Amino acid sequence: MNEDRMNDTLSINIKIDNRIYPLVVSRKDEERYRNAAKRLNEIVQAFRKDYPDKDAQDVLAMSAFQVVYSNLVMMEKSDNSPLIDELKDLRDDMVDFLEEKSDHRS
């Protein structure tokens, strides 16, 4: 079982802001990790271009903030709970209507 687990993982090096970070990732997620690093580097470079007077820590902090903010926006967009609540209310209204209609027939 441990060998299966090792076969499912892969050691990769991710470069973020010209620094190498070794990671052990699931083989199926390798491309996602590499794309995430690529996207983060694009954001870092954009901040470096827009704010050349900021040091590396500021640039990375602003980049991290943008990534987290974007993630929250996406999570809110994918939050189906308001829709589910509306569907439950609609279902309850339909049940009430059908029960009322049934009572009037009796």
# chains A, B, ... in the order shown; residues from 1 in each chain; ligands from 1
call {"tool": "select_by_dssp", "arguments": {"residues": "chain A", "states": "strand (DSSP E)", "output": "ChimeraX atom specification"}}
result
/A:9-16,19-26
call {"tool": "write_last_selection", "arguments": {"atoms": "N, CA and C atoms", "output": "CSV table (one decimal), in the first residue's frame"}}
result
chain,number,residue,atom,x,y,z
A,9,THR,N,2.6,9.6,-6.3
A,9,THR,CA,3.2,10.9,-6.0
A,9,THR,C,4.4,11.2,-6.9
A,10,LEU,N,4.8,12.4,-7.0
A,10,LEU,CA,5.8,12.9,-7.8
A,10,LEU,C,6.6,14.0,-7.2
A,11,SER,N,7.9,14.0,-7.2
A,11,SER,CA,8.7,15.1,-6.7
A,11,SER,C,8.9,16.1,-7.8
A,12,ILE,N,8.5,17.4,-7.5
A,12,ILE,CA,8.7,18.4,-8.6
A,12,ILE,C,9.3,19.6,-7.9
A,13,ASN,N,9.8,20.5,-8.7
A,13,ASN,CA,10.4,21.8,-8.3
A,13,ASN,C,9.5,22.9,-8.9
A,14,ILE,N,9.0,23.7,-8.0
A,14,ILE,CA,8.2,24.8,-8.4
A,14,ILE,C,9.0,26.1,-8.2
A,15,LYS,N,9.0,26.9,-9.3
A,15,LYS,CA,9.8,28.2,-9.2
A,15,LYS,C,8.8,29.3,-9.0
A,16,ILE,N,9.0,30.0,-7.9
A,16,ILE,CA,8.1,31.2,-7.6
A,16,ILE,C,9.0,32.3,-7.3
A,19,ARG,N,12.7,31.6,-7.0
A,19,ARG,CA,13.2,30.7,-6.0
A,19,ARG,C,12.6,29.4,-6.2
A,20,ILE,N,13.3,28.3,-5.9
A,20,ILE,CA,12.9,27.0,-6.2
A,20,ILE,C,12.3,26.4,-4.9
A,21,TYR,N,11.1,25.7,-5.1
A,21,TYR,CA,10.5,25.1,-3.9
A,21,TYR,C,10.2,23.6,-4.3
A,22,PRO,N,10.9,22.7,-3.6
A,22,PRO,CA,10.6,21.3,-3.9
A,22,PRO,C,9.3,20.8,-3.3
A,23,LEU,N,8.5,20.1,-4.0
A,23,LEU,CA,7.2,19.6,-3.6
A,23,LEU,C,7.0,18.2,-3.9
A,24,VAL,N,6.3,17.5,-3.1
A,24,VAL,CA,5.8,16.1,-3.5
A,24,VAL,C,4.3,16.2,-3.7
A,25,VAL,N,3.9,15.9,-4.9
A,25,VAL,CA,2.5,16.1,-5.3
A,25,VAL,C,1.9,14.9,-5.9
A,26,SER,N,0.6,14.8,-5.9
A,26,SER,CA,-0.1,13.7,-6.5
A,26,SER,C,0.2,13.8,-8.1
call {"tool": "residues_around", "arguments": {"residues": "Ser63 of chain A", "least_positions_apart": "2", "cutoff": "9 Å", "atoms": "only C-alpha atoms", "output": "list in words"}}
result
Leu40, Asn41, Ile43, Val44, Phe47, Asp58, Val59, Leu60, Ala61, Phe65, Gln66, Val67 and Val68 of chain A
call {"tool": "write_last_selection", "arguments": {"atoms": "N, CA and C atoms", "output": "tab-separated table (two decimals), in the first residue's frame"}}
result
chain	number	residue	atom	x	y	z
A	40	LEU	N	0.83	32.48	-10.42
A	40	LEU	CA	1.36	33.29	-9.33
A	40	LEU	C	2.53	34.14	-9.82
A	41	ASN	N	3.40	33.55	-10.62
A	41	ASN	CA	4.53	34.31	-11.16
A	41	ASN	C	4.07	35.44	-12.07
A	43	ILE	N	1.27	37.10	-11.68
A	43	ILE	CA	0.75	38.13	-10.77
A	43	ILE	C	1.91	38.89	-10.11
A	44	VAL	N	2.93	38.15	-9.67
A	44	VAL	CA	4.10	38.78	-9.05
A	44	VAL	C	4.76	39.74	-10.03
A	47	PHE	N	2.75	42.93	-10.41
A	47	PHE	CA	2.95	43.84	-9.28
A	47	PHE	C	4.34	44.47	-9.33
A	58	ASP	N	6.73	42.90	0.00
A	58	ASP	CA	5.50	43.62	-0.33
A	58	ASP	C	4.85	43.06	-1.59
A	59	VAL	N	5.66	42.78	-2.60
A	59	VAL	CA	5.13	42.24	-3.86
A	59	VAL	C	4.48	40.88	-3.62
A	60	LEU	N	5.14	40.02	-2.85
A	60	LEU	CA	4.57	38.70	-2.57
A	60	LEU	C	3.31	38.81	-1.71
A	61	ALA	N	3.31	39.74	-0.76
A	61	ALA	CA	2.13	39.93	0.08
A	61	ALA	C	0.94	40.41	-0.75
A	65	PHE	N	-2.48	38.37	-1.45
A	65	PHE	CA	-3.78	38.98	-1.18
A	65	PHE	C	-4.69	38.91	-2.40
A	66	GLN	N	-4.16	39.21	-3.56
A	66	GLN	CA	-4.97	39.15	-4.79
A	66	GLN	C	-5.47	37.74	-5.04
A	67	VAL	N	-4.61	36.75	-4.84
A	67	VAL	CA	-4.99	35.35	-5.08
A	67	VAL	C	-6.11	34.95	-4.11
A	68	VAL	N	-5.95	35.27	-2.84
A	68	VAL	CA	-6.96	34.90	-1.85
A	68	VAL	C	-8.27	35.64	-2.13
call {"tool": "select_by_dssp", "arguments": {"residues": "segment 3-105 of chain A", "states": "helix (DSSP H, G or I)", "output": "ChimeraX atom specification"}}
result
/A:3-7,27-50,56-77,81-105
call {"tool": "write_last_selection", "arguments": {"atoms": "C-alpha atoms", "output": "PDB file, in the first residue's frame"}}
result
ATOM      1  CA  GLU A   3       4.428   1.582  -2.521  1.00  0.00           C
ATOM      2  CA  ASP A   4       1.154   2.432  -4.307  1.00  0.00           C
ATOM      3  CA  ARG A   5       1.120   5.728  -2.511  1.00  0.00           C
ATOM      4  CA  MET A   6       4.674   6.457  -3.620  1.00  0.00           C
ATOM      5  CA  ASN A   7       3.801   5.607  -7.226  1.00  0.00           C
ATOM      6  CA  ARG A  27       0.658  12.773 -10.161  1.00  0.00           C
ATOM      7  CA  LYS A  28      -2.856  13.717 -11.135  1.00  0.00           C
ATOM      8  CA  ASP A  29      -2.383  17.212  -9.663  1.00  0.00           C
ATOM      9  CA  GLU A  30       1.050  17.968 -11.139  1.00  0.00           C
ATOM     10  CA  GLU A  31      -0.260  20.122 -13.964  1.00  0.00           C
ATOM     11  CA  ARG A  32      -2.482  22.066 -11.570  1.00  0.00           C
ATOM     12  CA  TYR A  33       0.535  22.837  -9.332  1.00  0.00           C
ATOM     13  CA  ARG A  34       2.584  23.960 -12.293  1.00  0.00           C
ATOM     14  CA  ASN A  35      -0.243  26.135 -13.601  1.00  0.00           C
ATOM     15  CA  ALA A  36      -0.709  27.655 -10.148  1.00  0.00           C
ATOM     16  CA  ALA A  37       2.980  28.545  -9.983  1.00  0.00           C
ATOM     17  CA  LYS A  38       2.841  30.009 -13.484  1.00  0.00           C
ATOM     18  CA  ARG A  39      -0.192  32.125 -12.606  1.00  0.00           C
ATOM     19  CA  LEU A  40       1.362  33.295  -9.330  1.00  0.00           C
ATOM     20  CA  ASN A  41       4.532  34.309 -11.159  1.00  0.00           C
ATOM     21  CA  GLU A  42       2.443  36.292 -13.642  1.00  0.00           C
ATOM     22  CA  ILE A  43       0.754  38.127 -10.765  1.00  0.00           C
ATOM     23  CA  VAL A  44       4.098  38.778  -9.048  1.00  0.00           C
ATOM     24  CA  GLN A  45       5.583  40.157 -12.267  1.00  0.00           C
ATOM     25  CA  ALA A  46       2.569  42.410 -12.797  1.00  0.00           C
ATOM     26  CA  PHE A  47       2.947  43.835  -9.276  1.00  0.00           C
ATOM     27  CA  ARG A  48       6.713  44.266  -9.827  1.00  0.00           C
ATOM     28  CA  LYS A  49       5.979  46.224 -12.997  1.00  0.00           C
ATOM     29  CA  ASP A  50       3.246  48.363 -11.405  1.00  0.00           C
ATOM     30  CA  ALA A  56       9.989  41.408  -2.573  1.00  0.00           C
ATOM     31  CA  GLN A  57       7.999  40.922   0.632  1.00  0.00           C
ATOM     32  CA  ASP A  58       5.502  43.623  -0.335  1.00  0.00           C
ATOM     33  CA  VAL A  59       5.134  42.244  -3.856  1.00  0.00           C
ATOM     34  CA  LEU A  60       4.568  38.700  -2.572  1.00  0.00           C
ATOM     35  CA  ALA A  61       2.128  39.926   0.084  1.00  0.00           C
ATOM     36  CA  MET A  62       0.104  41.870  -2.486  1.00  0.00           C
ATOM     37  CA  SER A  63       0.168  38.876  -4.824  1.00  0.00           C
ATOM     38  CA  ALA A  64      -1.023  36.543  -2.065  1.00  0.00           C
ATOM     39  CA  PHE A  65      -3.783  38.978  -1.177  1.00  0.00           C
ATOM     40  CA  GLN A  66      -4.970  39.150  -4.786  1.00  0.00           C
ATOM     41  CA  VAL A  67      -4.992  35.354  -5.081  1.00  0.00           C
ATOM     42  CA  VAL A  68      -6.963  34.904  -1.846  1.00  0.00           C
ATOM     43  CA  TYR A  69      -9.388  37.681  -2.778  1.00  0.00           C
ATOM     44  CA  SER A  70      -9.997  36.105  -6.205  1.00  0.00           C
ATOM     45  CA  ASN A  71     -10.497  32.740  -4.537  1.00  0.00           C
ATOM     46  CA  LEU A  72     -13.142  34.195  -2.203  1.00  0.00           C
ATOM     47  CA  VAL A  73     -14.951  35.808  -5.131  1.00  0.00           C
ATOM     48  CA  MET A  74     -14.993  32.484  -6.986  1.00  0.00           C
ATOM     49  CA  MET A  75     -16.229  30.638  -3.892  1.00  0.00           C
ATOM     50  CA  GLU A  76     -19.056  33.135  -3.484  1.00  0.00           C
ATOM     51  CA  LYS A  77     -20.000  32.746  -7.139  1.00  0.00           C
ATOM     52  CA  SER A  81     -26.868  27.665  -0.894  1.00  0.00           C
ATOM     53  CA  PRO A  82     -29.077  30.693  -1.754  1.00  0.00           C
ATOM     54  CA  LEU A  83     -30.384  28.814  -4.794  1.00  0.00           C
ATOM     55  CA  ILE A  84     -30.959  25.673  -2.733  1.00  0.00           C
ATOM     56  CA  ASP A  85     -32.831  27.708  -0.097  1.00  0.00           C
ATOM     57  CA  GLU A  86     -35.033  29.237  -2.802  1.00  0.00           C
ATOM     58  CA  LEU A  87     -35.752  25.792  -4.263  1.00  0.00           C
ATOM     59  CA  LYS A  88     -36.696  24.473  -0.807  1.00  0.00           C
ATOM     60  CA  ASP A  89     -39.042  27.429  -0.312  1.00  0.00           C
ATOM     61  CA  LEU A  90     -40.594  26.802  -3.722  1.00  0.00           C
ATOM     62  CA  ARG A  91     -41.013  23.098  -2.883  1.00  0.00           C
ATOM     63  CA  ASP A  92     -42.651  23.983   0.443  1.00  0.00           C
ATOM     64  CA  ASP A  93     -45.008  26.402  -1.329  1.00  0.00           C
ATOM     65  CA  MET A  94     -45.949  23.717  -3.850  1.00  0.00           C
ATOM     66  CA  VAL A  95     -46.572  21.165  -1.098  1.00  0.00           C
ATOM     67  CA  ASP A  96     -48.763  23.673   0.757  1.00  0.00           C
ATOM     68  CA  PHE A  97     -50.658  24.456  -2.425  1.00  0.00           C
ATOM     69  CA  LEU A  98     -51.235  20.786  -3.233  1.00  0.00           C
ATOM     70  CA  GLU A  99     -52.327  20.045   0.318  1.00  0.00           C
ATOM     71  CA  GLU A 100     -54.734  22.981   0.221  1.00  0.00           C
ATOM     72  CA  LYS A 101     -56.143  21.855  -3.106  1.00  0.00           C
ATOM     73  CA  SER A 102     -56.518  18.335  -1.752  1.00  0.00           C
ATOM     74  CA  ASP A 103     -58.342  19.615   1.355  1.00  0.00           C
ATOM     75  CA  HIS A 104     -60.834  21.563  -0.766  1.00  0.00           C
ATOM     76  CA  ARG A 105     -61.747  18.414  -2.724  1.00  0.00           C
TER      77      ARG A 105
END
